[in-house]
file protein_0.tsv (TSV, C-alpha atoms)
chain	number	residue	atom	x	y	z
A	29	MET	CA	52.66	-5.67	33.59
A	30	SER	CA	51.57	-2.09	34.16
A	31	SER	CA	48.03	-0.83	33.65
A	32	ALA	CA	49.33	1.30	30.79
A	33	ASP	CA	50.62	-1.80	29.04
A	34	GLU	CA	47.31	-3.60	29.59
A	35	SER	CA	45.28	-0.77	28.04
A	36	ALA	CA	47.52	-0.24	25.01
A	37	ILE	CA	46.11	-1.23	21.62
A	38	HIS	CA	48.27	-3.83	19.95
A	39	PRO	CA	49.21	-2.90	16.36
A	40	HIS	CA	48.13	-6.36	15.18
A	41	SER	CA	44.64	-5.87	16.66
A	42	LEU	CA	44.34	-2.48	14.97
A	43	LEU	CA	45.36	-4.03	11.65
A	44	GLN	CA	42.74	-6.74	12.05
A	45	ALA	CA	40.06	-4.13	12.77
A	46	LEU	CA	41.03	-2.12	9.68
A	47	GLN	CA	41.00	-5.28	7.56
A	48	SER	CA	37.50	-6.15	8.83
A	49	LEU	CA	36.27	-2.64	8.07
A	50	LEU	CA	37.74	-2.81	4.58
A	51	TYR	CA	36.09	-6.18	4.04
A	52	LEU	CA	32.70	-4.78	5.07
A	53	LEU	CA	33.14	-1.80	2.74
A	54	VAL	CA	33.99	-4.09	-0.18
A	55	VAL	CA	30.96	-6.29	0.53
A	56	ALA	CA	28.69	-3.23	0.81
A	57	LEU	CA	30.03	-1.83	-2.45
A	58	PHE	CA	29.47	-5.18	-4.16
A	59	ILE	CA	25.88	-5.34	-2.90
A	60	LEU	CA	25.12	-1.77	-3.98
A	61	THR	CA	26.69	-2.35	-7.39
A	62	PHE	CA	25.14	-5.68	-8.29
A	63	SER	CA	22.04	-6.18	-6.12
A	64	VAL	CA	20.75	-2.74	-5.12
A	65	GLN	CA	20.20	0.38	-7.19
A	66	PRO	CA	19.13	3.85	-5.97
A	67	PHE	CA	16.18	5.50	-7.73
A	68	ARG	CA	14.56	8.94	-7.39
A	69	ILE	CA	10.86	9.60	-7.99
A	70	PRO	CA	10.69	12.37	-10.63
A	71	SER	CA	6.92	12.69	-11.24
A	72	ALA	CA	3.51	12.48	-9.56
A	73	SER	CA	2.27	9.42	-11.48
A	74	MET	CA	2.59	7.12	-8.45
A	75	GLU	CA	1.10	9.48	-5.85
A	76	PRO	CA	0.13	9.06	-3.09
A	77	THR	CA	2.16	5.83	-2.78
A	78	LEU	CA	5.37	7.48	-3.96
A	79	LEU	CA	5.98	11.22	-3.90
A	80	VAL	CA	8.20	13.46	-5.95
A	81	GLY	CA	11.45	13.63	-4.01
A	82	ASP	CA	11.33	10.08	-2.63
A	83	PHE	CA	14.67	8.27	-2.91
A	84	LEU	CA	14.40	4.48	-3.09
A	85	PHE	CA	16.61	1.43	-2.96
A	86	VAL	CA	15.67	-1.07	-5.69
A	87	ASP	CA	16.29	-4.80	-5.29
A	88	LYS	CA	17.67	-5.94	-8.65
A	89	ASP	CA	17.88	-9.63	-7.72
A	90	ILE	CA	14.50	-10.91	-8.89
A	91	SER	CA	15.72	-13.73	-11.12
A	92	THR	CA	15.50	-16.44	-8.45
A	93	ALA	CA	13.08	-17.14	-5.63
A	94	GLY	CA	13.91	-15.28	-2.47
A	95	GLY	CA	15.87	-12.47	-4.06
A	96	PHE	CA	18.56	-10.55	-2.18
A	97	VAL	CA	16.32	-8.44	0.01
A	98	SER	CA	13.96	-10.64	1.98
A	99	LEU	CA	11.96	-7.59	3.13
A	100	ALA	CA	10.19	-7.23	-0.19
A	101	SER	CA	11.54	-9.40	-2.97
A	102	THR	CA	9.80	-12.65	-3.83
A	103	GLY	CA	12.04	-13.48	-6.77
A	104	PHE	CA	9.22	-13.12	-9.31
A	105	ILE	CA	6.71	-10.54	-10.46
A	106	GLN	CA	3.23	-10.58	-8.94
A	107	ARG	CA	0.14	-8.45	-9.41
A	108	ASP	CA	0.29	-5.24	-7.33
A	109	ASP	CA	4.10	-5.24	-7.30
A	110	ILE	CA	5.78	-1.88	-7.83
A	111	ILE	CA	8.61	-2.28	-10.35
A	112	VAL	CA	11.37	-0.20	-11.91
A	113	PHE	CA	11.95	-0.93	-15.59
A	114	HIS	CA	13.55	0.37	-18.75
A	115	TYR	CA	11.04	2.56	-20.60
A	116	PRO	CA	10.07	0.56	-23.74
A	117	VAL	CA	10.01	3.69	-25.91
A	118	ASN	CA	13.43	4.87	-24.65
A	119	PRO	CA	15.34	2.08	-22.83
A	120	SER	CA	17.97	4.53	-21.56
A	121	LYS	CA	15.30	5.93	-19.23
A	122	ASP	CA	13.92	4.08	-16.18
A	123	LEU	CA	10.32	4.34	-14.99
A	124	ILE	CA	8.43	3.10	-11.95
A	125	LYS	CA	4.83	1.83	-12.02
A	126	ARG	CA	2.60	-0.85	-10.51
A	127	VAL	CA	1.94	-4.22	-12.15
A	128	VAL	CA	-1.79	-4.76	-12.69
A	129	GLY	CA	-1.75	-7.30	-15.52
A	130	LEU	CA	0.20	-10.57	-15.75
A	131	PRO	CA	0.93	-12.83	-18.74
A	132	GLY	CA	-2.26	-14.51	-19.89
A	133	ASP	CA	-4.61	-12.02	-18.20
A	134	ARG	CA	-7.57	-10.62	-20.13
A	135	LEU	CA	-7.59	-6.98	-19.06
A	136	ARG	CA	-9.88	-4.01	-19.49
A	137	LEU	CA	-10.58	-0.73	-17.68
A	138	ARG	CA	-14.01	0.71	-17.01
A	139	GLY	CA	-14.16	4.14	-15.45
A	140	GLY	CA	-10.43	3.81	-14.85
A	141	HIS	CA	-10.85	0.68	-12.71
A	142	VAL	CA	-9.14	-2.58	-13.66
A	143	TYR	CA	-11.01	-5.76	-14.57
A	144	ILE	CA	-9.12	-9.04	-15.01
A	145	ASP	CA	-10.87	-11.92	-16.76
A	146	GLY	CA	-14.17	-10.10	-16.30
A	147	ARG	CA	-13.80	-9.46	-12.57
A	148	ALA	CA	-13.13	-6.13	-10.85
A	149	VAL	CA	-9.75	-5.95	-9.09
A	150	ALA	CA	-9.45	-4.43	-5.61
A	151	GLU	CA	-7.13	-1.42	-5.90
A	152	PRO	CA	-6.73	0.27	-2.50
A	153	TYR	CA	-3.62	2.07	-3.79
A	154	ALA	CA	-5.31	3.76	-6.79
A	155	VAL	CA	-6.54	7.36	-6.64
A	156	PHE	CA	-8.82	9.10	-9.14
A	157	ARG	CA	-8.32	12.83	-8.85
A	158	ALA	CA	-10.79	15.14	-10.57
A	159	SER	CA	-10.07	15.54	-14.27
A	160	ALA	CA	-11.88	15.76	-17.58
A	161	ALA	CA	-13.26	12.44	-18.80
A	162	GLU	CA	-11.13	10.67	-21.44
A	163	SER	CA	-12.66	7.62	-23.04
A	164	TYR	CA	-9.35	6.11	-24.15
A	165	ARG	CA	-7.74	6.52	-20.71
A	166	ASP	CA	-10.75	5.47	-18.64
A	167	ASP	CA	-12.30	2.75	-20.82
A	168	PHE	CA	-9.26	0.92	-22.12
A	169	PRO	CA	-8.70	-0.76	-24.55
A	170	ARG	CA	-10.18	1.42	-27.28
A	171	VAL	CA	-9.29	0.44	-30.84
A	172	ASP	CA	-11.76	2.68	-32.64
A	173	ARG	CA	-9.91	5.94	-31.95
A	174	ALA	CA	-6.34	6.66	-30.91
A	175	ASP	CA	-5.43	9.11	-28.18
A	176	PRO	CA	-2.89	11.71	-29.43
A	177	GLY	CA	-0.44	10.57	-26.75
A	178	VAL	CA	-0.42	6.89	-27.76
A	179	ASP	CA	2.82	5.47	-29.16
A	180	SER	CA	2.22	4.43	-32.79
A	181	ARG	CA	3.96	1.06	-32.45
A	182	TRP	CA	1.82	0.21	-29.42
A	183	TRP	CA	-1.34	1.27	-31.25
A	184	ILE	CA	-0.55	-1.23	-34.01
A	185	GLN	CA	0.40	-4.04	-31.59
A	186	MET	CA	-2.64	-3.43	-29.40
A	187	HIS	CA	-4.98	-4.26	-32.27
A	188	THR	CA	-3.50	-7.77	-32.43
A	189	LEU	CA	-4.11	-8.35	-28.71
A	190	VAL	CA	-7.69	-7.08	-28.30
A	191	ALA	CA	-10.79	-9.25	-28.62
A	192	ASN	CA	-14.28	-8.72	-27.19
A	193	GLY	CA	-13.21	-5.49	-25.55
A	194	GLU	CA	-10.37	-7.10	-23.58
A	195	LEU	CA	-6.60	-7.04	-24.05
A	196	THR	CA	-4.84	-10.40	-23.61
A	197	ILE	CA	-1.35	-9.94	-22.20
A	198	PRO	CA	1.20	-12.12	-24.00
A	199	ALA	CA	3.85	-14.31	-22.36
A	200	ASP	CA	6.73	-12.61	-20.53
A	201	SER	CA	4.96	-9.23	-20.62
A	202	TYR	CA	3.32	-7.07	-17.97
A	203	PHE	CA	0.71	-4.30	-18.00
A	204	VAL	CA	1.55	-1.44	-15.62
A	205	LEU	CA	-0.34	1.61	-14.40
A	206	GLY	CA	0.43	4.58	-12.17
A	207	ASP	CA	-1.44	4.75	-8.86
A	208	ASN	CA	-2.38	8.34	-9.72
A	209	ARG	CA	-4.66	6.85	-12.34
A	210	ASN	CA	-5.81	10.05	-14.08
A	211	ASP	CA	-2.33	11.57	-14.28
A	212	SER	CA	-0.06	8.78	-15.47
A	213	GLU	CA	1.45	7.87	-18.82
A	214	ASP	CA	1.67	4.10	-18.59
A	215	SER	CA	0.90	0.88	-20.48
A	216	ARG	CA	-2.26	2.44	-21.86
A	217	TYR	CA	-0.13	4.85	-23.88
A	218	TRP	CA	3.14	3.08	-24.71
A	219	GLY	CA	2.51	-0.62	-24.21
A	220	LEU	CA	3.64	-3.64	-22.25
A	221	VAL	CA	6.77	-4.09	-20.15
A	222	PRO	CA	8.86	-7.10	-21.30
A	223	ARG	CA	10.26	-9.29	-18.55
A	224	GLU	CA	13.83	-8.55	-19.67
A	225	ALA	CA	13.22	-4.79	-19.26
A	226	ILE	CA	12.47	-5.06	-15.53
A	227	VAL	CA	15.26	-3.68	-13.34
A	228	GLY	CA	13.84	-4.67	-9.95
A	229	LYS	CA	11.48	-3.89	-7.10
A	230	PRO	CA	11.84	-0.93	-4.71
A	231	PHE	CA	12.09	-2.10	-1.10
A	232	LEU	CA	12.97	0.99	0.94
A	233	ILE	CA	12.44	4.76	0.90
A	234	TYR	CA	15.74	5.84	2.40
A	235	LEU	CA	15.11	9.58	2.06
A	236	SER	CA	12.26	11.86	1.04
A	237	LEU	CA	12.89	15.51	0.18
A	238	ASP	CA	10.11	18.07	0.02
A	239	GLN	CA	10.93	20.42	-2.85
A	240	ALA	CA	8.26	22.82	-1.65
A	241	ALA	CA	9.78	23.12	1.83
A	242	SER	CA	9.85	26.65	3.18
A	243	SER	CA	12.86	26.20	5.45
A	244	LEU	CA	15.79	23.94	6.21
A	245	LEU	CA	13.89	22.59	9.19
A	246	ASN	CA	11.27	20.80	7.09
A	247	PHE	CA	13.25	20.03	3.93
A	248	ALA	CA	12.77	16.27	4.48
A	249	ARG	CA	9.62	14.22	5.04
A	250	TRP	CA	10.96	12.41	8.08
A	251	ASP	CA	7.84	10.27	8.47
A	252	ARG	CA	8.60	8.63	5.10
A	253	THR	CA	12.29	7.98	5.76
A	254	LEU	CA	13.17	4.28	6.07
A	255	SER	CA	9.63	3.24	5.13
A	256	ILE	CA	8.68	0.37	2.81
A	257	PRO	CA	6.74	1.29	-0.36
A	258	ARG	CA	3.62	-0.82	-0.89

call {"tool": "encode", "arguments": {"input": "protein_0.tsv", "output": "structure tokens"}}
result
Amino acid sequence: MSSADESAIHPHSLLQALQSLLYLLVVALFILTFSVQPFRIPSASMEPTLLVGDFLFVDKDISTAGGFVSLASTGFIQRDDIIVFHYPVNPSKDLIKRVVGLPGDRLRLRGGHVYIDGRAVAEPYAVFRASAAESYRDDFPRVDRADPGVDSRWWIQMHTLVANGELTIPADSYFVLGDNRNDSEDSRYWGLVPREAIVGKPFLIYLSLDQAASSLLNFARWDRTLSIPR
């Protein structure tokens, strides 16, 4: 057999390679459709953890232990988890915040800092940028006076959950806050996140675009690309 014959690609081998590639594409499409969802950060409420222009992959498989993405998913919601969820006021819209209160917790804020069952919670992710003091925002829960931005249905429900200056989180519900604590509309203003409204947990920043970039050379924040949000 000549060297030319030995180096020739057999049509059957080429067909097998194309079939394998097609199989991988189908599997990838299945994973992206049913287990992973892309999400873009639209606001500054989670700064500095997440920036406007960050593009994330969200692990939607949190119904069983382990989840699909072993990098981040634990299969259940824990305190400090960042979650994507359907906005309770408008379920057609998705939001992203951090879980600070779990079912059964007695929660309050003093000076913007979270206390659970009477004890201060360590919050290395939270920032408190200079802003005018707001008693409702900073010393939650307040049932004596409503903030103009509070959802009316939440204001009514909140009264049934508050005792001795603490809010008790009911079963299958979560209290979420933005890391940018003084510039975030969150559970303080529109209420709790039901378990069934949770879409998943972000596990990877796959791209980060700087909208304020002055040139094509620095349009992306390359140091954030392929990083894990925490």

call {"tool": "closest_residue", "arguments": {"input": "protein_0.tsv", "among": "A:Lys229, A:Arg68, A:Arg126, A:Arg173", "to": "Ala154 (chain A)", "atoms": "only C-alpha atoms"}}
result
A:Arg126

call {"tool": "atom_distance", "arguments": {"input": "protein_0.tsv", "atom1": "CA of Asp108 (chain A)", "atom2": "CA of Pro66 (chain A)"}}
result
21.0 Å

call {"tool": "closest_residue", "arguments": {"input": "protein_0.tsv", "among": "A:Gln185, A:Gln65, A:Ser71, A:Gln239", "to": "Leu84 (chain A)", "atoms": "only C-alpha atoms"}}
result
A:Gln65

call {"tool": "closest_residue", "arguments": {"input": "protein_0.tsv", "among": "A:Ala241, A:Val128, A:Ile197, A:Ala161", "to": "Tyr143 (chain A)", "atoms": "only C-alpha atoms"}}
result
A:Val128

call {"tool": "closest_residue", "arguments": {"input": "protein_0.tsv", "among": "A:Asp167, A:Arg249, A:Val178, A:Val80", "to": "Arg138 (chain A)", "atoms": "all atoms listed in the file"}}
result
A:Asp167

call {"tool": "closest_residue", "arguments": {"input": "protein_0.tsv", "among": "A:Phe104, A:Phe168, A:Phe83, A:Tyr217", "to": "Ile184 (chain A)", "atoms": "all atoms listed in the file"}}
result
A:Tyr217

call {"tool": "residues_around", "arguments": {"input": "protein_0.tsv", "residues": "Trp182 (chain A)", "least_positions_apart": "6", "cutoff": "12 Å", "atoms": "all atoms listed in the file", "output": "list of chain:residue names"}}
result
A:Pro116, A:Val117, A:Pro169, A:Val171, A:Ala174, A:Asp175, A:Thr188, A:Leu189, A:Asp214, A:Ser215, A:Arg216, A:Tyr217, A:Trp218, A:Gly219, A:Leu220, A:Val221

call {"tool": "closest_residue", "arguments": {"input": "protein_0.tsv", "among": "A:Asn118, A:Ser180, A:Thr196, A:Ser163", "to": "Gly132 (chain A)", "atoms": "all atoms listed in the file"}}
result
A:Thr196

call {"tool": "atom_distance", "arguments": {"input": "protein_0.tsv", "atom1": "CA of Lys125 (chain A)", "atom2": "CA of Pro176 (chain A)"}}
result
21.5 Å

call {"tool": "atom_distance", "arguments": {"input": "protein_0.tsv", "atom1": "CA of His141 (chain A)", "atom2": "CA of Val155 (chain A)"}}
result
10.0 Å

call {"tool": "axis_aligned_box", "arguments": {"input": "protein_0.tsv", "around": "region 109-123 of chain A", "padding_each_side": "5 Å", "output": "JSON"}}
result
{"center_x": 11.0, "center_y": 0.3, "center_z": -16.6, "size_x": 23.9, "size_y": 21.2, "size_z": 28.6}

call {"tool": "residues_around", "arguments": {"input": "protein_0.tsv", "residues": "Gly146 (chain A)", "least_positions_apart": "2", "cutoff": "8 Å", "atoms": "only C-alpha atoms", "output": "ChimeraX atom specification"}}
result
/A:134-135,143-144,148
